[in-house]
Protein chains: 2
Amino acid sequence: MPTAWFNALPRMPEPMQPPLHPGTREPIGPDDLAPLFPMALIEQEMSTALEIEIPGEVIDILRLWRPTPLVRAERLERALGTPARIYFKDESQSPAGSHKTNTSVAQAFYNKQSGAKRLTTETGAGQWGTALSFACAQFDLECKVYMVRTSFDSKPYRRVLMETWGAECVPSPVDDPSSPGSLGLAISDAVRDAVSREDSHYALGSVLNHVLLHQTIIGLEAKDQLAMAGEERPDVVIAPCGGGSNLGGVTLPFMEDAAVRLVAVEPTSCPTLTKGNFEYDFGDTAGMTPLMEMYTLGHDFMPPDIHAGGLRYHGDSPIISALVKAGRMEAVAYPQGKVFEAARQFATVEGRVPAPETAHGIRAAIDEALACKESGEEKVILFNYSGHGFLDLAAYDDFNHGHLLDA
Amino acid sequence: MPTAWFNALPRMPEPMQPPLHPGTREPIGPDDLAPLFPMALIEQEMSTALEIEIPGEVIDILRLWRPTPLVRAERLERALGTPARIYFKDESQSPAGSHKTNTSVAQAFYNKQSGAKRLTTETGAGQWGTALSFACAQFDLECKVYMVRTSFDSKPYRRVLMETWGAECVPSPVDDPSSPGSLGLAISDAVRDAVSREDSHYALGSVLNHVLLHQTIIGLEAKDQLAMAGEERPDVVIAPCGGGSNLGGVTLPFMEDAAVRLVAVEPTSCPTLTKGNFEYDFGDTAGMTPLMEMYTLGHDFMPPDIHAGGLRYHGDSPIISALVKAGRMEAVAYPQGKVFEAARQFATVEGRVPAPETAHGIRAAIDEALACKESGEEKVILFNYSGHGFLDLAAYDDFNHGHLLDA
């Protein structure tokens with residue numbers, strides 16, 4: 001298991017623009033972020049160190065499920081009849097069932113160290129909320145999760161998981177029970193709560209530089225494991241993109257090798273990277289967060305109610321946005337019907353039932369492998385299996401019975 | 001990964017009594033079972049070979065998730081303050097989320113080989129139904145699952161999983177929509193279906209000798225992995241017991257080492273081994289199956305509607321029953337409140353949320369470890385983590401909010 005995270009910031013093709021204060025529109029400094037985050041995370045957010053050591057207390061917990069397996073999808077290769085070799089990194093085996101625990105544990109640790117007693121956050125489908133609840137239980141922190149109401153109502157199991165780990169979970173927006181909610185609105189609720197209480201900080205599950213930093217353990221492990229499997233490098237690394245954390249986690253450690261293609265996959269119904277504008281925008285809907293330069297559909301964009309709740313975000317990680325803008329990373333978009341076809345094919349031959357978010361990456365990996373079948377190329381394809389679908393089976397029910405909105 | 005299964009039959013302390021024909025009450029032969037099972041499985045049911053080779057086609061699929069990890073629960077040890085070393089074998093990482101796929105793949109393979117086109121089965125909480133659905137998808141067999149109605153209504157996600165793998169799932173009993181159902185009734189439905197069609201066989205997920213045989217891969221792997229971890233032997237091996245398949249799977253490979261205690265854990269509300277009679281009884285409620293000598297609460301016993309659906313069975317595996325009768329295996333029973341306390345403690349410190357069935361084993365393992373704390377003994381405790389609880393979160397919801405029936 002790696003002992004240091006990989007920092008993308010000093011390796012970016014071009015220097016990144018600073019975040020701006022939501023009131024003054026001037027570049028913000030560490031003090032502006034102090035009401036929300038502990039100083040250790042604020043330093044990581046701006047650090048130019050090439051790598052940053054992982055604290056022993058964090059490693060001790062990550063060891064519960066890390067290193068995660070790198071799996072060769074041989075039965076999928078055979079089913080597709082492709083000469084490509086397909087590998088996936090199985091992040092679904094974490095306690096909360098997704099990659100999100102890689103950063104939740106680190107964030108809970110630094111917050112505990114800073115003296116915070118309580119964390120607030122938002123969650124869409126619930127992957128991030130469950131991950132932070134688990135992490136807070138490890139460090140004896142209180143945890144309050146604002147869950148996008150449409151998911152809160154339709155996916156009660158993730159709320160139960162949060163409560164089992166001792167967290168409190170409420171539907172968002174808190175002040176409008178008639179609204180289905182969105183990630184942007186839930187961020188506003190969580191930030192408003194954190195700044196109103198001395199004992200509380202806020203934790204974000206994606207988008208920010210320090211979140212992607214913590215996720216690079218995925219790609220670092222995959223790099224070592226591919227070498228152990230006798231592969232020099234992947235030809236292409238693929239992951240779904242909501243805010244960009246699992247995508248950044250698996251791709252960034254390969255960013256300096258120009259021979260490796262990096263591919264982001266998003267839903268056509270929330271096409272941030274493929275159809276958004278590259279400009280300064282707020283991270284939340286109410287305009288309380290700093291403005292970041294990123295691909296965005298506008299902070300008041302309301303995506304349709306697709307099943308990949310984790311991909312329904314109007315913006316994107318500034319790091320990911322900058323890599324796409326610079327041409328270092330590609331982006332593709334799929335409608336969810338195509339995504340679920342890939343999910344069912346994968347579930348049939350490889351057994352595992354992926355989360356709808358994860359299935360976006362599988363769709364793109366299958367299409368890469370089918371292109372190799374046409375061209376005869378023996379490419380090495382790596383994708384991130386970011387989470388399992390056991391808590392998203394209502395989506396499969398819709399798909400199996402032809403009720404899926406093909407947005 | 002082992003290449004042969006461990007056969008308990010030639011190693012039993014005393015010879016086992018033969019199953020009897022439900023009509024004549026005479027010992028049955030292979031031909032009596034032929035309408036239900038392929039001959040290869042019937043031979044395994046009666047085999048006296050010390051080991052039986054695992055077919056390559058079966059190994060090829062088991063490799064999707066096997067060998068499963070043997071995990072040392074160090075954080076649980078620390079939380080308990082015990083000098084014991086606690087290990088668990090993580091069978092939750094199979095595609096269907098439990099140990100059941102170990103036998104479903106083998107059974108689907110032998111049935112395909114015999115020319116069967118379709119399998120029928122019963123399922124309680126749905127673990128077995130999902131496992132057989134996955135296996136049938138691998139060998140292109142049709143699959144029909146009769147699911148105990150109370151679980152069918154309260155746990156729709158497992159039905160969705162079966163359908164995602166292409167199976168058909170209906171509530172049982174089929175002829176009485178007002179009945180909550182039971183495993184015994186669902187077995188009757190599935191057997192009736194299989195014998196009425198030329199193209200169909202029946203598959204059972206527990207109880208029978210060949211099912212336990214296929215599950216011994218758990219204990220065989222654990223034995224090797226404990227040796228790799230530097231442990232000479234476990235002092236005690238623990239698993240929950242419904243029909244006996246995961247219990248047999250993890251314990252039988254240790255049965256010849258008298259220094260290893262073997263412990264079965266069951267719910268007090270369905271106390272087959274601790275309060276049942278050792279006698280001939282039917283495997284199903286309608287009296288269609290052969291009579292087996294086993295511990296039983298009577299084939300018309302209706303257990304309360306506890307959350308560990310997989311442990312609501314009136315009888316027990318004849319192999320397990322004979323080992324308990326001979327004093328080679330111990331049995332303990334717990335009410336579900338105590339079981340969920342252990343589940344939440346485990347989930348908090350080890351992160352993983354267990355299935356309610358699995359949590360019975362965790363309860364007993366924790367109590368063994370606490371006894372070691374009293375006595376100061378550095379025992380090695382091994383338990384089988386038979387399945388995850390992601391599809392059983394309604395049970396945790398009841399527990400978290402004080403609504404659990406403490407039966």
# chains A, B, ... in the order shown; residues from 1 in each chain; ligands from 1
>>> residues_around(residues="region 256-273 of chain A", least_positions_apart="3", cutoff="7 Å", atoms="only C-alpha atoms", output="ChimeraX atom specification")
/A:234-242,247,251,276,295-297,303-304,311-312,314-315,329-336,360-361,407
>>> interface_residues(of="chain B", to="chain A", cutoff="7 Å", atoms="only C-alpha atoms", output="list of chain:residue names")
B:Leu64, B:Pro95, B:Phe134, B:Ala137, B:Gln138, B:Tyr157, B:Val160, B:Thr164, B:Trp165, B:Arg344, B:Thr348, B:Val349, B:Glu350, B:Gly351, B:Arg352, B:Phe390, B:Leu391, B:Leu393, B:Tyr396, B:Asp397, B:Asn400
>>> write_last_selection(atoms="N, CA and C atoms", output="mmCIF file, in the first residue's frame")
data_model
loop_
_atom_site.group_PDB
_atom_site.id
_atom_site.type_symbol
_atom_site.label_atom_id
_atom_site.label_comp_id
_atom_site.auth_asym_id
_atom_site.auth_seq_id
_atom_site.Cartn_x
_atom_site.Cartn_y
_atom_site.Cartn_z
ATOM 1 N N LEU B 64 -13.641 -15.830 -10.138
ATOM 2 C CA LEU B 64 -14.107 -14.439 -10.190
ATOM 3 C C LEU B 64 -14.008 -13.774 -8.823
ATOM 4 N N PRO B 95 -20.299 -12.562 -6.097
ATOM 5 C CA PRO B 95 -21.240 -11.717 -6.857
ATOM 6 C C PRO B 95 -22.593 -11.547 -6.159
ATOM 7 N N PHE B 134 -27.385 -16.212 -10.533
ATOM 8 C CA PHE B 134 -26.064 -15.887 -11.086
ATOM 9 C C PHE B 134 -25.457 -17.104 -11.772
ATOM 10 N N ALA B 137 -27.060 -18.053 -15.060
ATOM 11 C CA ALA B 137 -26.668 -17.129 -16.126
ATOM 12 C C ALA B 137 -25.329 -17.546 -16.734
ATOM 13 N N GLN B 138 -24.447 -18.124 -15.923
ATOM 14 C CA GLN B 138 -23.143 -18.545 -16.431
ATOM 15 C C GLN B 138 -23.261 -19.737 -17.375
ATOM 16 N N TYR B 157 -35.261 -5.954 -3.294
ATOM 17 C CA TYR B 157 -33.974 -5.813 -3.975
ATOM 18 C C TYR B 157 -33.394 -7.166 -4.393
ATOM 19 N N VAL B 160 -34.919 -8.200 -7.576
ATOM 20 C CA VAL B 160 -34.358 -7.430 -8.689
ATOM 21 C C VAL B 160 -33.003 -8.019 -9.117
ATOM 22 N N THR B 164 -32.093 -9.398 -12.720
ATOM 23 C CA THR B 164 -30.965 -8.821 -13.461
ATOM 24 C C THR B 164 -30.107 -9.936 -14.059
ATOM 25 N N TRP B 165 -30.016 -11.059 -13.355
ATOM 26 C CA TRP B 165 -29.295 -12.220 -13.890
ATOM 27 C C TRP B 165 -30.204 -13.124 -14.734
ATOM 28 N N ARG B 344 -23.780 -4.225 15.032
ATOM 29 C CA ARG B 344 -23.471 -2.799 14.994
ATOM 30 C C ARG B 344 -22.070 -2.527 15.551
ATOM 31 N N THR B 348 -19.168 -0.830 13.323
ATOM 32 C CA THR B 348 -18.514 0.407 13.750
ATOM 33 C C THR B 348 -16.997 0.281 13.693
ATOM 34 N N VAL B 349 -16.445 -0.804 14.235
ATOM 35 C CA VAL B 349 -14.981 -0.880 14.315
ATOM 36 C C VAL B 349 -14.338 -1.526 13.086
ATOM 37 N N GLU B 350 -15.020 -2.461 12.441
ATOM 38 C CA GLU B 350 -14.431 -3.114 11.269
ATOM 39 C C GLU B 350 -14.993 -2.566 9.953
ATOM 40 N N GLY B 351 -16.036 -1.736 10.058
ATOM 41 C CA GLY B 351 -16.568 -1.083 8.874
ATOM 42 C C GLY B 351 -17.634 -1.884 8.153
ATOM 43 N N ARG B 352 -17.477 -3.175 8.045
ATOM 44 C CA ARG B 352 -18.399 -3.991 7.254
ATOM 45 C C ARG B 352 -19.707 -4.220 7.982
ATOM 46 N N PHE B 390 -25.981 -5.425 2.964
ATOM 47 C CA PHE B 390 -26.470 -4.289 2.179
ATOM 48 C C PHE B 390 -27.928 -4.473 1.745
ATOM 49 N N LEU B 391 -28.368 -5.733 1.626
ATOM 50 C CA LEU B 391 -29.753 -5.963 1.212
ATOM 51 C C LEU B 391 -30.652 -6.289 2.411
ATOM 52 N N LEU B 393 -30.892 -3.938 5.093
ATOM 53 C CA LEU B 393 -30.801 -2.738 5.913
ATOM 54 C C LEU B 393 -32.115 -2.373 6.598
ATOM 55 N N TYR B 396 -31.698 -3.320 10.079
ATOM 56 C CA TYR B 396 -30.930 -2.350 10.863
ATOM 57 C C TYR B 396 -31.774 -1.126 11.191
ATOM 58 N N ASP B 397 -32.647 -0.735 10.253
ATOM 59 C CA ASP B 397 -33.538 0.394 10.513
ATOM 60 C C ASP B 397 -34.392 0.101 11.743
ATOM 61 N N ASN B 400 -31.965 0.178 14.811
ATOM 62 C CA ASN B 400 -31.505 1.533 15.149
ATOM 63 C C ASN B 400 -32.590 2.347 15.854
#
>>> select_by_dssp(residues="region 141-192 of chain B", states="alpha helix (DSSP H)", output="ChimeraX atom specification")
/B:149-154,156-164,183-192
>>> residues_around(residues="Leu50 (chain B)", least_positions_apart="6", cutoff="8 Å", atoms="only C-alpha atoms", output="ChimeraX atom specification")
/B:6-8,10-11
>>> residues_around(residues="region 80-87 of chain B", least_positions_apart="5", cutoff="8 Å", atoms="only C-alpha atoms", output="number ranges by chain")
B: 70-74, 365-366, 369-370, 372-373, 376-383
>>> write_last_selection(atoms="N, CA and C atoms", output="mmCIF file, in the first residue's frame")
data_model
loop_
_atom_site.group_PDB
_atom_site.id
_atom_site.type_symbol
_atom_site.label_atom_id
_atom_site.label_comp_id
_atom_site.auth_asym_id
_atom_site.auth_seq_id
_atom_site.Cartn_x
_atom_site.Cartn_y
_atom_site.Cartn_z
ATOM 1 N N LEU B 70 -8.899 -13.953 4.014
ATOM 2 C CA LEU B 70 -8.974 -14.227 5.453
ATOM 3 C C LEU B 70 -8.501 -12.949 6.134
ATOM 4 N N VAL B 71 -9.347 -12.382 6.968
ATOM 5 C CA VAL B 71 -9.062 -11.066 7.546
ATOM 6 C C VAL B 71 -8.865 -11.188 9.054
ATOM 7 N N ARG B 72 -7.811 -10.571 9.570
ATOM 8 C CA ARG B 72 -7.660 -10.500 11.021
ATOM 9 C C ARG B 72 -8.400 -9.252 11.513
ATOM 10 N N ALA B 73 -9.332 -9.444 12.443
ATOM 11 C CA ALA B 73 -10.171 -8.338 12.937
ATOM 12 C C ALA B 73 -9.459 -7.621 14.071
ATOM 13 N N GLU B 74 -8.362 -6.962 13.740
ATOM 14 C CA GLU B 74 -7.519 -6.348 14.778
ATOM 15 C C GLU B 74 -8.219 -5.210 15.509
ATOM 16 N N ALA B 365 -18.587 -15.125 18.265
ATOM 17 C CA ALA B 365 -17.140 -14.875 18.225
ATOM 18 C C ALA B 365 -16.763 -13.808 19.248
ATOM 19 N N ILE B 366 -17.589 -12.757 19.347
ATOM 20 C CA ILE B 366 -17.322 -11.711 20.335
ATOM 21 C C ILE B 366 -17.393 -12.291 21.748
ATOM 22 N N ALA B 369 -14.327 -14.181 22.482
ATOM 23 C CA ALA B 369 -13.200 -13.263 22.705
ATOM 24 C C ALA B 369 -13.291 -12.609 24.082
ATOM 25 N N LEU B 370 -14.522 -12.307 24.523
ATOM 26 C CA LEU B 370 -14.691 -11.716 25.852
ATOM 27 C C LEU B 370 -14.372 -12.739 26.946
ATOM 28 N N CYS B 372 -12.097 -14.965 26.634
ATOM 29 C CA CYS B 372 -10.630 -14.973 26.645
ATOM 30 C C CYS B 372 -10.085 -13.797 27.464
ATOM 31 N N LYS B 373 -10.804 -12.668 27.408
ATOM 32 C CA LYS B 373 -10.398 -11.502 28.196
ATOM 33 C C LYS B 373 -10.462 -11.847 29.683
ATOM 34 N N GLY B 376 -7.752 -14.686 30.148
ATOM 35 C CA GLY B 376 -6.397 -14.355 29.717
ATOM 36 C C GLY B 376 -5.849 -15.273 28.628
ATOM 37 N N GLU B 377 -6.696 -16.131 28.074
ATOM 38 C CA GLU B 377 -6.223 -17.065 27.048
ATOM 39 C C GLU B 377 -6.071 -16.393 25.688
ATOM 40 N N GLU B 378 -4.974 -16.690 24.986
ATOM 41 C CA GLU B 378 -4.738 -16.115 23.652
ATOM 42 C C GLU B 378 -5.274 -17.044 22.570
ATOM 43 N N LYS B 379 -6.561 -17.298 22.610
ATOM 44 C CA LYS B 379 -7.142 -18.237 21.641
ATOM 45 C C LYS B 379 -7.173 -17.661 20.233
ATOM 46 N N VAL B 380 -7.164 -18.565 19.252
ATOM 47 C CA VAL B 380 -7.361 -18.188 17.856
ATOM 48 C C VAL B 380 -8.803 -18.519 17.490
ATOM 49 N N ILE B 381 -9.562 -17.470 17.179
ATOM 50 C CA ILE B 381 -10.981 -17.623 16.860
ATOM 51 C C ILE B 381 -11.175 -17.383 15.368
ATOM 52 N N LEU B 382 -11.803 -18.329 14.697
ATOM 53 C CA LEU B 382 -12.122 -18.167 13.270
ATOM 54 C C LEU B 382 -13.627 -18.196 13.109
ATOM 55 N N PHE B 383 -14.177 -17.177 12.419
ATOM 56 C CA PHE B 383 -15.601 -17.280 12.091
ATOM 57 C C PHE B 383 -15.824 -16.998 10.611
#
>>> residues_around(residues="Ser386 (chain B)", least_positions_apart="6", cutoff="6 Å", atoms="only C-alpha atoms", output="list in words")
Glu91, Ser92, Ser98, His99 and Thr358 of chain B
>>> write_last_selection(atoms="N, CA and C atoms", output="PDB file, in the first residue's frame")
ATOM      1  N   GLU B  91     -16.677 -14.304   2.960  1.00  0.00           N
ATOM      2  CA  GLU B  91     -17.445 -14.872   1.848  1.00  0.00           C
ATOM      3  C   GLU B  91     -18.433 -13.867   1.249  1.00  0.00           C
ATOM      4  N   SER B  92     -18.462 -12.658   1.794  1.00  0.00           N
ATOM      5  CA  SER B  92     -19.429 -11.660   1.311  1.00  0.00           C
ATOM      6  C   SER B  92     -19.029 -11.083  -0.042  1.00  0.00           C
ATOM      7  N   SER B  98     -22.815 -13.587  -0.813  1.00  0.00           N
ATOM      8  CA  SER B  98     -22.729 -14.592   0.253  1.00  0.00           C
ATOM      9  C   SER B  98     -21.997 -15.825  -0.249  1.00  0.00           C
ATOM     10  N   HIS B  99     -21.782 -16.772   0.700  1.00  0.00           N
ATOM     11  CA  HIS B  99     -21.119 -18.039   0.381  1.00  0.00           C
ATOM     12  C   HIS B  99     -21.910 -18.903  -0.583  1.00  0.00           C
ATOM     13  N   THR B 358     -25.192 -13.740   9.296  1.00  0.00           N
ATOM     14  CA  THR B 358     -23.767 -13.661   9.603  1.00  0.00           C
ATOM     15  C   THR B 358     -23.525 -13.115  11.002  1.00  0.00           C
TER      16      THR B 358
END
>>> residues_around(residues="region 168-173 of chain B", least_positions_apart="2", cutoff="8 Å", atoms="only C-alpha atoms", output="VMD selection string")
chain B and resid 143 to 149 152 159 162 to 163 166 175 to 177 179 to 182 185 to 186 189
>>> atom_distance(atom1="CA of Gly184 (chain B)", atom2="CA of Asp316 (chain B)")
11.8 Å
>>> select_by_dssp(residues="region 133-310 of chain A", states="strand (DSSP E)", output="MDAnalysis selection string")
chainID A and resid 142:148 168:172 200:202 236:240 261:267 277:282 291:296
>>> atom_distance(atom1="CA of Asp140 (chain A)", atom2="CA of Arg118 (chain A)")
9.0 Å
>>> atom_distance(atom1="CA of Ala194 (chain B)", atom2="CA of Phe301 (chain B)")
24.2 Å
>>> decode(residues="region 311-338 of chain B", atoms="N, CA, C and O atoms", output="PDB file, in the first residue's frame")
ATOM      1  N   LEU B 311     -32.064 -18.352   8.479  1.00  0.00           N
ATOM      2  CA  LEU B 311     -31.956 -19.258   9.630  1.00  0.00           C
ATOM      3  C   LEU B 311     -33.327 -19.760  10.082  1.00  0.00           C
ATOM      4  O   LEU B 311     -33.431 -20.421  11.116  1.00  0.00           O
ATOM      5  N   ARG B 312     -34.376 -19.446   9.306  1.00  0.00           N
ATOM      6  CA  ARG B 312     -35.742 -19.840   9.679  1.00  0.00           C
ATOM      7  C   ARG B 312     -36.085 -21.195   9.074  1.00  0.00           C
ATOM      8  O   ARG B 312     -37.037 -21.320   8.314  1.00  0.00           O
ATOM      9  N   TYR B 313     -35.351 -22.244   9.394  1.00  0.00           N
ATOM     10  CA  TYR B 313     -35.611 -23.563   8.810  1.00  0.00           C
ATOM     11  C   TYR B 313     -35.841 -24.564   9.936  1.00  0.00           C
ATOM     12  O   TYR B 313     -35.096 -24.589  10.919  1.00  0.00           O
ATOM     13  N   HIS B 314     -36.844 -25.403   9.752  1.00  0.00           N
ATOM     14  CA  HIS B 314     -37.243 -26.313  10.839  1.00  0.00           C
ATOM     15  C   HIS B 314     -36.223 -27.417  11.095  1.00  0.00           C
ATOM     16  O   HIS B 314     -36.170 -27.979  12.180  1.00  0.00           O
ATOM     17  N   GLY B 315     -35.434 -27.784  10.082  1.00  0.00           N
ATOM     18  CA  GLY B 315     -34.512 -28.903  10.221  1.00  0.00           C
ATOM     19  C   GLY B 315     -33.067 -28.462  10.137  1.00  0.00           C
ATOM     20  O   GLY B 315     -32.738 -27.295  10.335  1.00  0.00           O
ATOM     21  N   ASP B 316     -32.181 -29.407   9.849  1.00  0.00           N
ATOM     22  CA  ASP B 316     -30.758 -29.118   9.733  1.00  0.00           C
ATOM     23  C   ASP B 316     -30.087 -30.191   8.882  1.00  0.00           C
ATOM     24  O   ASP B 316     -30.557 -31.324   8.814  1.00  0.00           O
ATOM     25  N   SER B 317     -28.994 -29.824   8.321  1.00  0.00           N
ATOM     26  CA  SER B 317     -28.184 -30.775   7.574  1.00  0.00           C
ATOM     27  C   SER B 317     -27.960 -32.048   8.380  1.00  0.00           C
ATOM     28  O   SER B 317     -27.586 -31.988   9.561  1.00  0.00           O
ATOM     29  N   PRO B 318     -28.177 -33.224   7.776  1.00  0.00           N
ATOM     30  CA  PRO B 318     -27.889 -34.487   8.483  1.00  0.00           C
ATOM     31  C   PRO B 318     -26.433 -34.581   8.956  1.00  0.00           C
ATOM     32  O   PRO B 318     -26.176 -35.097  10.049  1.00  0.00           O
ATOM     33  N   ILE B 319     -25.494 -34.070   8.173  1.00  0.00           N
ATOM     34  CA  ILE B 319     -24.083 -34.125   8.603  1.00  0.00           C
ATOM     35  C   ILE B 319     -23.895 -33.301   9.877  1.00  0.00           C
ATOM     36  O   ILE B 319     -23.312 -33.757  10.863  1.00  0.00           O
ATOM     37  N   ILE B 320     -24.399 -32.076   9.864  1.00  0.00           N
ATOM     38  CA  ILE B 320     -24.281 -31.202  11.040  1.00  0.00           C
ATOM     39  C   ILE B 320     -24.994 -31.834  12.236  1.00  0.00           C
ATOM     40  O   ILE B 320     -24.462 -31.880  13.358  1.00  0.00           O
ATOM     41  N   SER B 321     -26.205 -32.333  11.985  1.00  0.00           N
ATOM     42  CA  SER B 321     -26.985 -32.948  13.065  1.00  0.00           C
ATOM     43  C   SER B 321     -26.218 -34.104  13.701  1.00  0.00           C
ATOM     44  O   SER B 321     -26.157 -34.232  14.928  1.00  0.00           O
ATOM     45  N   ALA B 322     -25.611 -34.934  12.865  1.00  0.00           N
ATOM     46  CA  ALA B 322     -24.883 -36.096  13.384  1.00  0.00           C
ATOM     47  C   ALA B 322     -23.657 -35.663  14.186  1.00  0.00           C
ATOM     48  O   ALA B 322     -23.310 -36.280  15.206  1.00  0.00           O
ATOM     49  N   LEU B 323     -22.998 -34.596  13.757  1.00  0.00           N
ATOM     50  CA  LEU B 323     -21.819 -34.113  14.494  1.00  0.00           C
ATOM     51  C   LEU B 323     -22.223 -33.551  15.862  1.00  0.00           C
ATOM     52  O   LEU B 323     -21.520 -33.734  16.855  1.00  0.00           O
ATOM     53  N   VAL B 324     -23.357 -32.837  15.900  1.00  0.00           N
ATOM     54  CA  VAL B 324     -23.841 -32.315  17.178  1.00  0.00           C
ATOM     55  C   VAL B 324     -24.259 -33.478  18.080  1.00  0.00           C
ATOM     56  O   VAL B 324     -23.898 -33.537  19.265  1.00  0.00           O
ATOM     57  N   LYS B 325     -24.992 -34.435  17.500  1.00  0.00           N
ATOM     58  CA  LYS B 325     -25.466 -35.608  18.259  1.00  0.00           C
ATOM     59  C   LYS B 325     -24.280 -36.362  18.864  1.00  0.00           C
ATOM     60  O   LYS B 325     -24.331 -36.819  20.003  1.00  0.00           O
ATOM     61  N   ALA B 326     -23.185 -36.460  18.088  1.00  0.00           N
ATOM     62  CA  ALA B 326     -22.002 -37.203  18.535  1.00  0.00           C
ATOM     63  C   ALA B 326     -21.137 -36.394  19.499  1.00  0.00           C
ATOM     64  O   ALA B 326     -20.121 -36.888  19.994  1.00  0.00           O
ATOM     65  N   GLY B 327     -21.497 -35.147  19.735  1.00  0.00           N
ATOM     66  CA  GLY B 327     -20.713 -34.318  20.650  1.00  0.00           C
ATOM     67  C   GLY B 327     -19.489 -33.687  20.012  1.00  0.00           C
ATOM     68  O   GLY B 327     -18.691 -33.030  20.680  1.00  0.00           O
ATOM     69  N   ARG B 328     -19.328 -33.838  18.680  1.00  0.00           N
ATOM     70  CA  ARG B 328     -18.169 -33.250  18.013  1.00  0.00           C
ATOM     71  C   ARG B 328     -18.346 -31.750  17.783  1.00  0.00           C
ATOM     72  O   ARG B 328     -17.383 -31.009  17.636  1.00  0.00           O
ATOM     73  N   MET B 329     -19.611 -31.309  17.717  1.00  0.00           N
ATOM     74  CA  MET B 329     -19.901 -29.891  17.458  1.00  0.00           C
ATOM     75  C   MET B 329     -20.819 -29.358  18.550  1.00  0.00           C
ATOM     76  O   MET B 329     -21.708 -30.075  19.010  1.00  0.00           O
ATOM     77  N   GLU B 330     -20.578 -28.096  18.960  1.00  0.00           N
ATOM     78  CA  GLU B 330     -21.443 -27.458  19.945  1.00  0.00           C
ATOM     79  C   GLU B 330     -22.487 -26.601  19.234  1.00  0.00           C
ATOM     80  O   GLU B 330     -22.303 -26.231  18.080  1.00  0.00           O
ATOM     81  N   ALA B 331     -23.549 -26.262  19.954  1.00  0.00           N
ATOM     82  CA  ALA B 331     -24.551 -25.346  19.398  1.00  0.00           C
ATOM     83  C   ALA B 331     -24.973 -24.346  20.463  1.00  0.00           C
ATOM     84  O   ALA B 331     -25.158 -24.713  21.623  1.00  0.00           O
ATOM     85  N   VAL B 332     -25.075 -23.060  20.057  1.00  0.00           N
ATOM     86  CA  VAL B 332     -25.584 -22.024  20.956  1.00  0.00           C
ATOM     87  C   VAL B 332     -26.677 -21.254  20.226  1.00  0.00           C
ATOM     88  O   VAL B 332     -26.721 -21.246  18.992  1.00  0.00           O
ATOM     89  N   ALA B 333     -27.562 -20.596  20.999  1.00  0.00           N
ATOM     90  CA  ALA B 333     -28.651 -19.820  20.394  1.00  0.00           C
ATOM     91  C   ALA B 333     -28.686 -18.423  21.008  1.00  0.00           C
ATOM     92  O   ALA B 333     -28.383 -18.246  22.198  1.00  0.00           O
ATOM     93  N   TYR B 334     -29.019 -17.430  20.183  1.00  0.00           N
ATOM     94  CA  TYR B 334     -29.119 -16.033  20.638  1.00  0.00           C
ATOM     95  C   TYR B 334     -30.419 -15.403  20.143  1.00  0.00           C
ATOM     96  O   TYR B 334     -30.841 -15.659  19.009  1.00  0.00           O
ATOM     97  N   PRO B 335     -31.023 -14.498  20.951  1.00  0.00           N
ATOM     98  CA  PRO B 335     -32.141 -13.689  20.446  1.00  0.00           C
ATOM     99  C   PRO B 335     -31.590 -12.594  19.529  1.00  0.00           C
ATOM    100  O   PRO B 335     -30.440 -12.180  19.662  1.00  0.00           O
ATOM    101  N   GLN B 336     -32.430 -12.122  18.584  1.00  0.00           N
ATOM    102  CA  GLN B 336     -31.884 -11.248  17.536  1.00  0.00           C
ATOM    103  C   GLN B 336     -31.427  -9.876  18.051  1.00  0.00           C
ATOM    104  O   GLN B 336     -30.573  -9.241  17.444  1.00  0.00           O
ATOM    105  N   GLY B 337     -31.951  -9.431  19.187  1.00  0.00           N
ATOM    106  CA  GLY B 337     -31.477  -8.155  19.744  1.00  0.00           C
ATOM    107  C   GLY B 337     -29.981  -8.222  20.066  1.00  0.00           C
ATOM    108  O   GLY B 337     -29.209  -7.338  19.695  1.00  0.00           O
ATOM    109  N   LYS B 338     -29.565  -9.297  20.742  1.00  0.00           N
ATOM    110  CA  LYS B 338     -28.160  -9.519  21.069  1.00  0.00           C
ATOM    111  C   LYS B 338     -27.317  -9.626  19.797  1.00  0.00           C
ATOM    112  O   LYS B 338     -26.156  -9.202  19.760  1.00  0.00           O
TER     113      LYS B 338
END
